[in-house]
Amino acid sequence: MSQCTEPGLGDLLHAYELRLLSEEDGRRFEYHMLTCEHCFNAVEEFEQTTRLIRDEEVKEELTADYHSWSQEAPSLLTKLWRYLWPKSPEKYPDPGAVYSPGVPYPSYFFKPLFLYLVIIFLMIPAYFGAIYLVRGTGRIRPVQTISLLCTRTIADNTLVRGSGLDGAIRFEFPDAVSGRRYQAVISAEDSTEIVRIDNFSNFDQFGIGELIFPHRLMKPGRYRLIVTDTAAGVTPNRRVYQFMIIE
Amino acid sequence: MLSKRQTESIDGMNLNEIYLLLQQAKAGDVSAENRLFDHLSGRFGLFLRIRTRDAEIARDIAQEACATIFAKYKAESFSSAEGFLMWAFRIHLMKLGNYFKKATRERKRVVSAAECGSRTTFHAKSDEIDLKRRLIDCLKRVFRVNQRYGRILLMKCHGYSTNEICSRLGLRPNILYTTLNRARNMLKRCLDAGEI
């Protein structure tokens, strides 16, 4: 087949057949066809098909299920992605409106994937909060216990720092009155206060008190626990216990 | 006045040959005149059929235009074949315009509405029914490969102009034309050989 005499005009071929050219361009192409064998033969050969393309019945059939045949069968990955991130609603059957640049269309703000991400984002602090609640209040942790008596030697009252456990210090305070507030101070050998509790009242009915010495405060050395009944007046009831922390 | 070949094309006639035939026809050569008008009626008949979408109407308009040309061309002076063709082309356009005006006035047929949005007077024959079936299948296959073509075609059928289609698809007109031509080639291959 011969070549188009004016390739620039030859590009208008199918646009002319579909009547997509302006009146001026249509006339130019028609005039071009008078002398161009290639374009004339092409249009003439395709004339019947062109007429059928513009036929109402064909158009109806093509537009009836546009979405079903206009796309290849999606892969599983594509299906998953479309499920997680669906497209915004399309305004079918007006196909031009879908692709209008700058024309806002309602989109799915809460797309499933976005929702999942929000849920995960919220779950992380919720998880750590739950862990904190469980560990901070309700969890029973192992401790190492020593029982202090004023008469006992220091060698018997020893906490081991290397065990990694908090120390539960039980001590006898015979004159303890239930409900009264006492002062409990744990100080190091150089009189530095390590723990100070001004409202200590954790005594049982037998006058046995118990307090926790946190592991993070433990350092090897000698310590003293001084429990004072501050409500006793000028001569407060005061007892001193000694214990030791080793590595 | 016009032969049976009026709607057929005669291949291989260039501008020089047309001008030579024109000169011979003006000098009284009947065979040259017949050959020239056969060629012209075939050429003009095609675009009339494209525009009117009806072979009978196109033939009537072509006959009317050719009769006018036949009656007047000897009195006109043409310096080249292009001039003669342009003159003949204008006469065809004038006849076509007259037909449209008449049809609009009589409300028998409005060509603008004969585009995709309205029913045509096309009566399907059995071979055309088969072609239509194949065409629909092929169009669907082409649309899968070239979705832009599908959108253009649908937008055209919904009455969008070329400028509107270009702006909505974000295309330049020349890209639009190239897209259409590529899709046309695919469609033709599909119809001819059954594969894209």
# chains A, B, ... in the order shown; residues from 1 in each chain; ligands from 1
>>> closest_atom_pairs(of="chain B", to="chain A", cutoff="8 Å", atoms="only C-alpha atoms", output="CSV")
residue,atom,partner,partner_atom,distance
B:Asp11,CA,A:Glu37,CA,6.7
B:Gly12,CA,A:Glu37,CA,7.1
B:Met13,CA,A:Thr35,CA,8.0
B:Asn14,CA,A:Thr35,CA,6.6
B:Leu15,CA,A:Thr35,CA,6.9
B:Leu40,CA,A:Leu34,CA,7.8
B:Arg43,CA,A:Leu34,CA,5.8
B:Phe44,CA,A:Leu34,CA,7.5
B:Leu46,CA,A:Glu44,CA,6.6
B:Phe47,CA,A:Glu30,CA,6.5
B:Ile50,CA,A:Glu17,CA,7.1
B:Arg53,CA,A:Arg51,CA,6.9
B:Leu85,CA,A:Leu34,CA,7.6
B:Met86,CA,A:Tyr31,CA,7.3
B:Phe89,CA,A:Tyr31,CA,7.1
B:Glu115,CA,A:Arg54,CA,6.7
B:Cys116,CA,A:Arg54,CA,5.0
B:Gly117,CA,A:Glu56,CA,6.8
B:Ser118,CA,A:Glu56,CA,6.4
B:Arg119,CA,A:Glu56,CA,5.7
B:Thr120,CA,A:Asp55,CA,6.8
B:Leu131,CA,A:Thr49,CA,7.8
B:Lys132,CA,A:Leu52,CA,6.5
B:Leu135,CA,A:Thr49,CA,7.4
B:Ile136,CA,A:Val58,CA,6.6
B:Lys140,CA,A:Trp69,CA,6.3
B:Phe143,CA,A:Ser70,CA,5.7
B:Arg144,CA,A:Ser70,CA,5.0
B:Gln147,CA,A:Ser70,CA,6.4
B:Gly150,CA,A:Ser70,CA,7.6
B:Arg151,CA,A:Pro95,CA,6.3
B:Leu154,CA,A:Pro95,CA,6.8
B:Met155,CA,A:Gly96,CA,5.9
B:Lys156,CA,A:Leu20,CA,7.6
B:Cys157,CA,A:Lys59,CA,7.3
B:His158,CA,A:Asp94,CA,7.4
B:Ser161,CA,A:Leu20,CA,7.0
B:Thr162,CA,A:Leu20,CA,5.7
B:Ile165,CA,A:Gly96,CA,7.0
B:Ser167,CA,A:Ser100,CA,7.7
B:Arg168,CA,A:Ser100,CA,4.6
B:Leu169,CA,A:Tyr99,CA,6.0
B:Gly170,CA,A:Pro101,CA,7.3
B:Asn174,CA,A:Asp11,CA,7.9
B:Tyr177,CA,A:Leu12,CA,5.7
B:Thr178,CA,A:Asp11,CA,6.2
B:Leu180,CA,A:His14,CA,5.8
B:Asn181,CA,A:His14,CA,5.6
B:Arg184,CA,A:His14,CA,6.7
>>> write_last_selection(atoms="C-alpha atoms", output="mmCIF file, in the first residue's frame")
data_model
loop_
_atom_site.group_PDB
_atom_site.id
_atom_site.type_symbol
_atom_site.label_atom_id
_atom_site.label_comp_id
_atom_site.auth_asym_id
_atom_site.auth_seq_id
_atom_site.Cartn_x
_atom_site.Cartn_y
_atom_site.Cartn_z
ATOM 1 C CA ASP B 11 -6.077 4.100 -7.870
ATOM 2 C CA GLY B 12 -2.882 5.701 -8.988
ATOM 3 C CA MET B 13 -4.112 9.030 -10.293
ATOM 4 C CA ASN B 14 -1.900 11.880 -9.252
ATOM 5 C CA LEU B 15 -2.456 15.607 -9.557
ATOM 6 C CA LEU B 40 -13.983 12.433 -8.548
ATOM 7 C CA ARG B 43 -13.433 10.327 -3.972
ATOM 8 C CA PHE B 44 -16.224 12.658 -3.024
ATOM 9 C CA LEU B 46 -16.591 8.492 0.350
ATOM 10 C CA PHE B 47 -16.555 11.636 2.438
ATOM 11 C CA ILE B 50 -18.891 9.359 6.087
ATOM 12 C CA ARG B 53 -23.866 7.849 7.122
ATOM 13 C CA LEU B 85 -10.247 19.891 -6.842
ATOM 14 C CA MET B 86 -10.818 22.660 -4.330
ATOM 15 C CA PHE B 89 -14.833 20.099 -3.191
ATOM 16 C CA GLU B 115 -23.690 10.678 15.603
ATOM 17 C CA CYS B 116 -23.337 8.038 18.271
ATOM 18 C CA GLY B 117 -26.180 9.302 20.392
ATOM 19 C CA SER B 118 -29.036 8.408 18.105
ATOM 20 C CA ARG B 119 -30.396 5.489 16.169
ATOM 21 C CA THR B 120 -29.260 5.209 12.599
ATOM 22 C CA LEU B 131 -19.050 -8.053 11.384
ATOM 23 C CA LYS B 132 -20.800 -6.251 14.195
ATOM 24 C CA LEU B 135 -16.256 -5.719 15.927
ATOM 25 C CA ILE B 136 -17.663 -5.708 19.451
ATOM 26 C CA LYS B 140 -13.359 -5.089 23.858
ATOM 27 C CA PHE B 143 -9.966 -1.552 24.996
ATOM 28 C CA ARG B 144 -8.257 -3.927 27.398
ATOM 29 C CA GLN B 147 -7.991 1.736 27.751
ATOM 30 C CA GLY B 150 -12.122 3.063 25.121
ATOM 31 C CA ARG B 151 -12.496 6.224 27.147
ATOM 32 C CA LEU B 154 -17.201 6.424 25.104
ATOM 33 C CA MET B 155 -16.742 10.122 25.675
ATOM 34 C CA LYS B 156 -17.349 10.730 22.005
ATOM 35 C CA CYS B 157 -20.531 8.689 22.211
ATOM 36 C CA HIS B 158 -21.615 10.743 25.204
ATOM 37 C CA SER B 161 -16.124 17.381 21.684
ATOM 38 C CA THR B 162 -12.486 16.789 20.846
ATOM 39 C CA ILE B 165 -11.967 15.004 25.585
ATOM 40 C CA SER B 167 -8.872 18.579 28.450
ATOM 41 C CA ARG B 168 -10.524 15.875 30.494
ATOM 42 C CA LEU B 169 -7.956 13.248 29.623
ATOM 43 C CA GLY B 170 -5.106 15.726 29.838
ATOM 44 C CA ASN B 174 -1.869 15.244 18.359
ATOM 45 C CA TYR B 177 -4.920 11.423 17.119
ATOM 46 C CA THR B 178 -1.896 9.149 17.486
ATOM 47 C CA LEU B 180 -6.677 6.737 17.862
ATOM 48 C CA ASN B 181 -4.548 5.640 14.934
ATOM 49 C CA ARG B 184 -7.333 1.628 14.768
#
>>> atom_distance(atom1="atom CA of Phe203 of chain A", atom2="atom CA of Leu225 of chain A")
15.2 Å
>>> select_by_dssp(residues="segment 57-191 of chain B", states="alpha helix (DSSP H)", output="JSON, numbers by chain")
{"B": [57, 58, 59, 60, 61, 62, 63, 64, 65, 66, 67, 68, 69, 70, 71, 72, 81, 82, 83, 84, 85, 86, 87, 88, 89, 90, 91, 92, 93, 94, 95, 96, 97, 98, 99, 100, 101, 102, 103, 104, 105, 106, 126, 127, 128, 129, 130, 131, 132, 133, 134, 135, 136, 137, 138, 139, 140, 141, 142, 143, 144, 145, 147, 148, 149, 150, 151, 152, 153, 154, 155, 156, 157, 162, 163, 164, 165, 166, 167, 168, 169, 173, 174, 175, 176, 177, 178, 179, 180, 181, 182, 183, 184, 185, 186, 187, 188, 189, 190, 191]}
>>> residues_around(residues="Met186 of chain B", least_positions_apart="4", cutoff="9 Å", atoms="only C-alpha atoms", output="list in words")
Cys138, Val142, Asn181, Arg182, Cys190, Leu191, Glu195 and Ile196 of chain B
>>> atom_distance(atom1="atom CA of Val118 of chain A", atom2="atom CA of Lys79 of chain A")
21.7 Å
>>> residues_around(residues="Gly207 of chain A", least_positions_apart="6", cutoff="12 Å", atoms="only C-alpha atoms", output="ChimeraX atom specification")
/A:170-180,201
